[in-house]
Every structure is written in C-alpha cells, then in structure tokens.
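Source file: start.txt (compact mmCIF, C-alpha atoms)
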```txt
# COMPACT_ATOMS: atom_id res chain seq x y z
CA MET S 1 23.87 -10.28 98.14
CA THR S 2 25.36 -8.67 95.18
CA THR S 3 24.25 -8.88 91.66
CA THR S 4 27.32 -10.83 90.73
CA ASP S 5 26.21 -13.62 93.03
CA LEU S 6 22.94 -13.92 91.23
CA GLU S 7 22.89 -16.29 88.35
CA LEU S 8 20.87 -14.89 85.57
CA PRO S 9 19.00 -17.43 83.52
CA SER S 10 20.61 -17.96 80.17
CA ARG S 11 18.59 -16.86 77.23
CA THR S 12 18.33 -19.39 74.52
CA THR S 13 17.52 -18.16 71.07
CA ARG S 14 14.91 -20.24 69.36
CA ARG S 15 15.20 -20.70 65.63
CA PRO S 16 12.00 -20.29 63.76
CA ALA S 17 10.42 -23.41 62.50
CA SER S 18 10.92 -22.20 58.99
CA ASP S 19 14.71 -21.97 59.51
CA ALA S 20 14.94 -25.56 60.60
CA SER S 21 13.75 -26.74 57.24
CA ASP S 22 16.00 -24.48 55.16
CA ASN S 23 18.43 -27.31 54.41
CA THR S 24 15.75 -29.65 53.19
CA PRO S 25 15.63 -29.94 49.40
CA ARG S 26 12.60 -28.41 47.77
CA PRO S 27 11.07 -29.64 44.52
CA GLU S 28 11.69 -27.26 41.67
CA MET S 29 8.56 -25.76 40.18
CA PRO S 30 8.40 -25.55 36.39
CA SER S 31 9.07 -22.09 35.04
CA ALA S 32 6.25 -20.14 33.49
CA PRO S 33 7.68 -20.02 29.94
CA SER S 34 8.19 -23.78 29.81
CA ALA S 35 4.66 -24.33 31.10
CA ARG S 36 3.18 -22.19 28.33
CA ARG S 37 5.44 -23.53 25.60
CA PRO S 38 3.10 -26.23 24.22
CA ARG S 39 0.20 -23.79 23.97
CA SER S 40 2.29 -21.13 22.21
CA PHE S 41 3.69 -23.72 19.81
CA TRP S 42 0.29 -24.96 18.75
CA SER S 43 -1.12 -21.46 18.46
CA SER S 44 1.81 -20.40 16.27
CA ALA S 45 1.51 -23.52 14.14
CA THR S 46 -2.22 -22.94 13.68
CA PHE S 47 -1.62 -19.32 12.73
CA TYR S 48 0.96 -20.20 10.07
CA ILE S 49 -1.12 -23.03 8.65
CA VAL S 50 -4.23 -20.87 8.34
CA SER S 51 -2.20 -17.98 6.88
CA SER S 52 -0.63 -20.31 4.32
CA ILE S 53 -4.02 -21.64 3.25
CA VAL S 54 -5.46 -18.14 2.91
CA GLY S 55 -2.37 -17.02 0.98
CA LEU S 56 -2.72 -19.94 -1.42
CA LEU S 57 -6.37 -19.05 -2.00
CA PHE S 58 -5.30 -15.57 -3.10
CA VAL S 59 -2.32 -16.70 -5.18
CA ALA S 60 -4.12 -19.59 -6.92
CA PRO S 61 -6.16 -17.41 -9.34
CA LEU S 62 -3.06 -15.47 -10.34
CA GLY S 63 -1.13 -18.69 -10.91
CA TRP S 64 -3.95 -20.16 -12.97
CA LEU S 65 -4.17 -16.94 -15.00
CA PHE S 66 -0.42 -16.98 -15.66
CA LEU S 67 -0.44 -20.61 -16.82
CA SER S 68 -3.54 -20.09 -18.96
CA SER S 69 -1.86 -17.24 -20.82
CA PHE S 70 0.43 -19.84 -22.44
CA LYS S 71 -2.45 -21.83 -23.96
CA THR S 72 -3.04 -21.84 -27.69
CA SER S 73 -6.24 -20.55 -29.26
CA ALA S 74 -7.27 -24.10 -30.17
CA GLU S 75 -6.87 -25.24 -26.56
CA PHE S 76 -9.04 -22.37 -25.32
CA ALA S 77 -11.82 -23.59 -27.63
CA GLN S 78 -11.73 -27.17 -26.34
CA VAL S 79 -14.76 -28.62 -24.56
CA PRO S 80 -14.40 -29.57 -21.77
CA PRO S 81 -11.74 -26.95 -21.01
CA THR S 82 -8.28 -27.81 -19.73
CA TYR S 83 -6.99 -26.26 -16.54
CA LEU S 84 -3.30 -26.48 -17.43
CA PRO S 85 -1.79 -25.91 -20.88
CA ARG S 86 -0.84 -29.11 -22.64
CA VAL S 87 1.65 -27.27 -24.86
CA PHE S 88 3.22 -24.04 -23.70
CA SER S 89 2.97 -21.38 -26.40
CA ILE S 90 3.88 -17.68 -26.43
CA GLU S 91 1.60 -16.82 -29.32
CA ASN S 92 -0.59 -14.66 -27.06
CA TYR S 93 2.36 -12.54 -25.97
CA ARG S 94 3.55 -12.37 -29.58
CA ALA S 95 0.10 -11.11 -30.58
CA LEU S 96 0.38 -8.39 -27.94
CA ALA S 97 3.77 -7.32 -29.23
CA ASP S 98 2.54 -7.26 -32.84
CA ALA S 99 -0.39 -5.04 -31.81
CA GLY S 100 1.97 -2.44 -30.33
CA MET S 101 1.27 -3.34 -26.73
CA TRP S 102 4.65 -2.10 -25.53
CA GLN S 103 3.83 1.41 -26.75
CA TYR S 104 0.55 1.34 -24.84
CA ALA S 105 2.39 0.07 -21.76
CA ALA S 106 4.86 2.94 -22.12
CA ASN S 107 1.95 5.42 -22.26
CA SER S 108 0.52 3.94 -19.06
CA ALA S 109 3.95 4.03 -17.42
CA MET S 110 4.46 7.71 -18.28
CA ALA S 111 0.99 8.59 -17.00
CA ALA S 112 1.52 6.59 -13.79
CA VAL S 113 5.00 7.96 -13.05
CA GLY S 114 3.86 11.52 -13.78
CA THR S 115 0.87 11.09 -11.48
CA VAL S 116 3.07 9.70 -8.72
CA LEU S 117 5.51 12.61 -8.92
CA LEU S 118 2.94 15.39 -9.22
CA GLY S 119 0.30 13.91 -6.93
CA THR S 120 2.73 12.90 -4.20
CA GLY S 121 4.57 16.22 -4.33
CA LEU S 122 1.40 18.29 -4.03
CA SER S 123 0.06 16.01 -1.29
CA VAL S 124 3.22 16.44 0.78
CA LEU S 125 3.16 20.23 0.46
CA ALA S 126 -0.57 20.54 1.17
CA GLY S 127 -0.47 18.03 4.01
CA TYR S 128 2.43 19.88 5.65
CA GLY S 129 0.56 23.17 5.32
CA PHE S 130 -2.65 21.85 6.85
CA ALA S 131 -0.76 20.11 9.69
CA ARG S 132 1.73 22.83 10.72
CA PHE S 133 0.34 26.21 9.64
CA ARG S 134 -2.63 27.97 11.15
CA PHE S 135 -4.60 30.20 8.80
CA ARG S 136 -8.18 31.36 8.56
CA GLY S 137 -10.50 28.85 6.95
CA ALA S 138 -8.07 25.91 7.13
CA GLY S 139 -10.66 23.54 8.56
CA VAL S 140 -13.33 24.51 6.05
CA LEU S 141 -10.89 24.21 3.14
CA PHE S 142 -9.78 20.78 4.32
CA ILE S 143 -13.38 19.56 4.60
CA VAL S 144 -14.15 20.91 1.12
CA LEU S 145 -11.13 19.04 -0.22
CA LEU S 146 -12.25 15.77 1.38
CA SER S 147 -15.82 16.27 0.18
CA THR S 148 -14.64 15.86 -3.41
CA LEU S 149 -14.30 12.14 -2.66
CA MET S 150 -18.11 11.95 -2.61
CA ILE S 151 -18.47 13.38 -6.12
CA PRO S 152 -18.86 10.62 -8.76
CA PHE S 153 -16.34 10.90 -11.55
CA GLN S 154 -19.01 10.28 -14.18
CA SER S 155 -20.82 13.48 -13.19
CA ILE S 156 -17.85 15.75 -13.96
CA ILE S 157 -16.72 14.14 -17.21
CA PRO S 158 -18.31 16.83 -19.47
CA ALA S 159 -16.70 19.64 -17.46
CA LEU S 160 -13.29 17.94 -17.46
CA TYR S 161 -13.46 17.27 -21.17
CA ALA S 162 -14.38 20.90 -21.89
CA ILE S 163 -11.48 22.15 -19.79
CA LEU S 164 -8.93 19.81 -21.36
CA ASN S 165 -10.20 20.53 -24.86
CA SER S 166 -9.98 24.29 -24.30
CA VAL S 167 -6.29 24.04 -23.37
CA HIS S 168 -5.57 21.42 -26.09
CA LEU S 169 -4.68 18.64 -23.63
CA THR S 170 -6.92 15.91 -25.00
CA ASN S 171 -5.09 12.97 -26.59
CA SER S 172 -2.04 13.75 -24.45
CA ILE S 173 -0.34 12.08 -21.52
CA LEU S 174 -0.09 15.42 -19.71
CA GLY S 175 -3.87 15.80 -19.73
CA LEU S 176 -4.27 12.33 -18.22
CA ILE S 177 -1.68 13.15 -15.55
CA LEU S 178 -3.62 16.25 -14.51
CA VAL S 179 -6.90 14.32 -14.35
CA TYR S 180 -5.36 11.45 -12.37
CA THR S 181 -3.70 13.89 -9.97
CA SER S 182 -7.09 15.42 -9.16
CA PHE S 183 -8.24 11.93 -8.16
CA VAL S 184 -5.22 11.35 -5.91
CA LEU S 185 -5.10 14.68 -4.05
CA PRO S 186 -7.98 14.21 -1.55
CA PHE S 187 -6.65 10.90 -0.24
CA GLY S 188 -3.03 12.04 -0.49
CA VAL S 189 -3.55 15.28 1.44
CA PHE S 190 -5.52 13.46 4.13
CA THR S 191 -2.78 10.84 4.55
CA MET S 192 0.10 13.33 4.62
CA ARG S 193 -1.71 15.63 7.06
CA ALA S 194 -2.13 12.71 9.47
CA SER S 195 1.53 11.71 9.00
CA PHE S 196 2.83 15.20 9.82
CA GLN S 197 0.51 15.57 12.79
CA ALA S 198 1.92 12.36 14.30
CA ILE S 199 5.38 13.98 14.59
CA PRO S 200 6.02 15.93 17.83
CA GLY S 201 6.14 19.68 17.31
CA GLY S 202 9.35 20.00 19.32
CA ILE S 203 11.37 18.46 16.49
CA GLU S 204 10.28 21.14 14.08
CA GLU S 205 10.81 23.90 16.65
CA ALA S 206 14.35 22.68 17.31
CA ALA S 207 15.14 22.78 13.59
CA ILE S 208 13.77 26.32 13.28
CA MET S 209 15.79 27.47 16.31
CA ASP S 210 18.92 26.08 14.64
CA GLY S 211 18.29 28.39 11.70
CA ALA S 212 16.61 25.99 9.26
CA SER S 213 14.15 27.51 6.83
CA THR S 214 10.67 26.14 6.23
CA TRP S 215 11.76 24.32 3.07
CA THR S 216 14.85 22.86 4.78
CA THR S 217 12.75 21.73 7.73
CA LEU S 218 10.30 20.01 5.40
CA THR S 219 12.84 18.29 3.15
CA ARG S 220 15.62 17.39 5.60
CA VAL S 221 13.91 17.05 8.98
CA MET S 222 10.24 16.23 8.52
CA GLY S 223 10.43 14.50 5.14
CA PRO S 224 12.52 11.47 6.21
CA MET S 225 10.16 10.92 9.15
CA VAL S 226 7.03 10.61 6.96
CA VAL S 227 8.44 8.18 4.39
CA PRO S 228 5.69 5.59 5.15
CA GLY S 229 3.02 8.17 4.36
CA ILE S 230 4.78 9.22 1.15
CA ALA S 231 5.06 5.58 0.08
CA THR S 232 1.36 5.02 0.75
CA VAL S 233 0.35 7.98 -1.40
CA ALA S 234 2.77 6.89 -4.14
CA ILE S 235 1.33 3.36 -4.25
CA TYR S 236 -2.21 4.72 -4.32
CA ALA S 237 -1.35 7.14 -7.13
CA PHE S 238 0.44 4.49 -9.20
CA PHE S 239 -2.38 1.95 -8.94
CA ASN S 240 -5.05 4.50 -9.83
CA ALA S 241 -3.16 5.85 -12.84
CA TRP S 242 -1.99 2.47 -14.14
CA ASN S 243 -5.37 0.73 -13.96
CA GLU S 244 -7.68 3.66 -14.84
CA PHE S 245 -9.89 2.99 -17.85
CA LEU S 246 -12.82 5.40 -18.16
CA ALA S 247 -10.91 8.70 -18.25
CA ALA S 248 -8.34 7.29 -20.67
CA LEU S 249 -11.12 5.99 -22.92
CA ILE S 250 -12.89 9.36 -23.05
CA PHE S 251 -9.99 11.81 -23.15
CA THR S 252 -7.88 9.89 -25.70
CA THR S 253 -9.30 9.25 -29.13
CA LYS S 254 -6.08 8.68 -31.07
CA GLN S 255 -4.63 5.21 -31.05
CA ASP S 256 -1.10 6.44 -30.35
CA ALA S 257 -2.28 7.96 -27.04
CA PHE S 258 -4.10 4.84 -25.77
CA THR S 259 -3.11 3.45 -22.40
CA LEU S 260 -2.81 -0.24 -21.61
CA PRO S 261 -6.38 -0.81 -20.27
CA VAL S 262 -7.92 0.88 -23.32
CA ALA S 263 -5.73 -1.12 -25.70
CA LEU S 264 -6.66 -4.38 -23.98
CA ALA S 265 -10.34 -3.56 -24.35
CA ASN S 266 -9.81 -3.11 -28.09
CA LEU S 267 -7.73 -6.28 -28.51
CA GLN S 268 -9.91 -8.68 -26.56
CA SER S 269 -12.29 -9.23 -29.50
CA GLY S 270 -11.32 -11.99 -31.88
CA ALA S 271 -12.75 -13.18 -35.20
CA PHE S 272 -16.54 -12.88 -35.67
CA GLY S 273 -16.91 -10.99 -32.39
CA THR S 274 -15.61 -13.83 -30.22
CA LEU S 275 -13.66 -13.12 -27.06
CA ASN S 276 -9.94 -13.73 -27.47
CA TRP S 277 -9.24 -15.25 -24.06
CA GLY S 278 -5.57 -15.89 -24.72
CA VAL S 279 -4.72 -12.29 -25.59
CA LEU S 280 -6.90 -11.02 -22.76
CA GLU S 281 -5.20 -13.18 -20.14
CA ALA S 282 -1.73 -12.39 -21.44
CA GLY S 283 -2.58 -8.69 -21.32
CA ALA S 284 -3.87 -9.08 -17.76
CA ILE S 285 -0.52 -10.58 -16.74
CA VAL S 286 1.39 -7.73 -18.39
CA SER S 287 -0.89 -5.21 -16.69
CA ALA S 288 -0.69 -6.79 -13.22
CA LEU S 289 3.07 -7.38 -13.14
CA PRO S 290 4.15 -3.74 -12.50
CA CYS S 291 1.55 -3.37 -9.73
CA ILE S 292 2.83 -6.50 -8.00
CA VAL S 293 6.45 -5.36 -8.24
CA VAL S 294 5.70 -1.86 -6.91
CA PHE S 295 3.67 -3.21 -4.00
CA LEU S 296 6.33 -5.76 -3.01
CA LEU S 297 9.00 -3.05 -3.03
CA LEU S 298 6.99 -0.63 -0.86
CA GLN S 299 4.86 -2.98 1.23
CA ARG S 300 6.84 -2.44 4.46
CA TYR S 301 5.91 1.26 4.35
CA TYR S 302 2.30 0.75 3.31
CA VAL S 303 0.74 -0.38 6.61
CA ALA S 304 2.77 2.13 8.61
CA GLY S 305 1.58 4.91 6.31
CA LEU S 306 -2.07 3.92 6.63
CA THR S 307 -1.87 3.89 10.44
CA ALA S 308 0.06 7.18 10.69
CA GLY S 309 -1.68 9.53 13.06
CA ALA S 310 -4.01 6.83 14.39
CA VAL S 311 -2.44 7.09 17.87
CA LYS S 312 -1.66 10.49 19.26
CA GLY S 313 0.66 10.98 22.20
```

How does the structure come out when it is put into structure tokens?
Amino acid sequence: MTTTDLELPSRTTRRPASDASDNTPRPEMPSAPSARRPRSFWSSATFYIVSSIVGLLFVAPLGWLFLSSFKTSAEFAQVPPTYLPRVFSIENYRALADAGMWQYAANSAMAAVGTVLLGTGLSVLAGYGFARFRFRGAGVLFIVLLSTLMIPFQSIIPALYAILNSVHLTNSILGLILVYTSFVLPFGVFTMRASFQAIPGGIEEAAIMDGASTWTTLTRVMGPMVVPGIATVAIYAFFNAWNEFLAALIFTTKQDAFTLPVALANLQSGAFGTLNWGVLEAGAIVSALPCIVVFLLLQRYYVAGLTAGAVKG
C-alpha cells in the first residue's frame, strides 16, 4: 500500500474564540480628556475667581487713594468721612504744581535714571567677571560684596556724608546717584552672576573661536541672553532710587536739590500743624505712577530674572 492510497486526515484550522467576536460592535469608552474636562473646568474657574478677588484686594486701596486725591479740603474735614468725592476737584494737584512739585519729580527722575544706568552697567560687568573669569580671591571678594547687604545704612551715614562733602557732592544729583548705586550693586552683581552662570559655556567658547573679543562676546552674544536679569536689576535700581527718602533728606539741604519724597514730607503739613491729606494723597499718586508704569513695561522679564540660575543643567 502506497502513501497515495492513504487518506490523510484533513487539518481544520480553528479560529480563536477572540476572532469569532471581532465583528461584534463594542461600546466606545469615553476618552480620557473628556472624562477629566469637568474637573479641569471647575479648577480653572476656581483659580480665576480666587485670583480676581485677590487682585481686587490689592487694587482697591490704590483706587480709593486715587479717588480721594480729588476731594476738597473741606470734604476731608467732614465727620463722618466720605469714601468717594462728592465733587471732583483738582485743587490738590494744583497745590503740588504751585509748590514746584514737577521740579522735585525731575530731580527724582534724574537720580533714578542715573542709578539705573550706572548700577545696571556695573552689575553686568561685575557679574560677568565673577561668572566667567577665574582669579585668585574671587570667592572671598564675592562674599565680601554680598556681606554689605547686612550693614545698616544708618550706621554708615556719617562716613558717606564726610566722603561726599570732601568731594563737594552734597546737594547734587550726582552724589545721590553714587550713594544709590552703592545700594544696588550687591543685589545687582548677585543677580547678574546667576544669570551668566545659567548660560552654557559652549556658547561663549564658540564666539571666542570665531574671533570675537571679550567685549563683543559680552555685548552681542551673552548680553541678549541675560535680558531678564538686566531688567530685574533695572527695576530694583529704579524703585530704590525713586522712593528713597533718608539719604536724600540728609545729603541734600538746598530746596532746589530736593527729591520727590523729601518734598512731599515738607508739603504734607497744613495750617496750624494739621496734616494736609489732599496734597499728601495727590503726591502719593504722582510718586506711584512712574513705578507702576515701569513695572508693567518690564514685568515679563522680572520673574524670569529672579529665577535665573535657579536650575542648573
């Protein structure tokens, strides 16, 4: 009997049980994003509502101060006091203008702008040196520079006055700029050093290999990359110089050299030693307006500059 005469049993291929049910419709499961949508919506709504309430709490005193600056002197003396002015009057702002307030504001502006330019420039140069150059005693010098933040300003007033008086810089805007710059440098150098250290060293090495000098590398390569840090130092310098009172009160004795805070302190007293609330609140609005404008213009760089160098990698 040959093999051809034998009938081999036919092999039947069994389909898995899972294949038999492939054609059956399956219920569609909800996608993950749609399942989490209600929770994300309510969390976002809660966040915006709470943020709006907190924002209103911060803005409300400024709004009340702005509206109160338009009250008349008679309305300020009313008992019980009124929260909103019944008649809007600009007599408080007119009193500021008659007292030469715009000259005092110009003095503060010159001192603030000069401090921003000098303090920010020196901070960038010193921060770049501490971050990129290795020299003997760099760590000790940096710690000594930061330690000046712990020295109270009141303790060095006699020494500063003697130095400024010896070089005939009292009653001058230049003298105030130098004093304010000494306040700004510790924080400014610390911020710029952290900003430069956050940049990879390969970028600077590539610029040097292409033939760029140290100054070109700083101004054209590294400088645009540390704009947030520069903006942070500039805001800090402007706020300190614009709002500073004690140094301006001590180092300026002539009325023509007064800054805005010193002038407001002199103008807040009314007749018979009373406090002139209208002039004081109008002066506070004039003093706060430049700070608000500067911060709104540079706010997108501020947080990035404060966190520069926080993460290394």

Problem set entry | Spatial neighbours of Phe183 (chain S), max dist 9 Å, only C-alpha atoms, sep filter under 5 positions, as an MDAnalysis selection string | chainID S and resid 119 148:149 153 178 237 240

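Relative to CA of Leu280 (chain S), CA of Lys254 (chain S) is found at 21.4 Å.
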
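Our summary of the geometry notes that CA of Asn165 (chain S) is positioned 29.2 Å from CA of Phe142 (chain S).
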
Exercise. Contacts of Val87 (chain S) at 8 Å or less, counting all atoms listed in the file, minus same-chain residues fewer than 4 places along, as a list in words?
Worked result: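 The contact residues come out as Phe70, Lys71 and Thr72 of chain S.
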
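Closest approach to Ala263 (chain S) among S:Ser69, S:Ser108, S:Thr219, S:Ser172: S:Ser108, based on all atoms listed in the file.
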
Problem set entry | For CA of Gly278 (chain S) and CA of Ala60 (chain S), the interatomic separation in Å (one decimal) |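 Atom-to-atom, CA of Gly278 (chain S) and CA of Ala60 (chain S) are spaced 18.2 Å apart.
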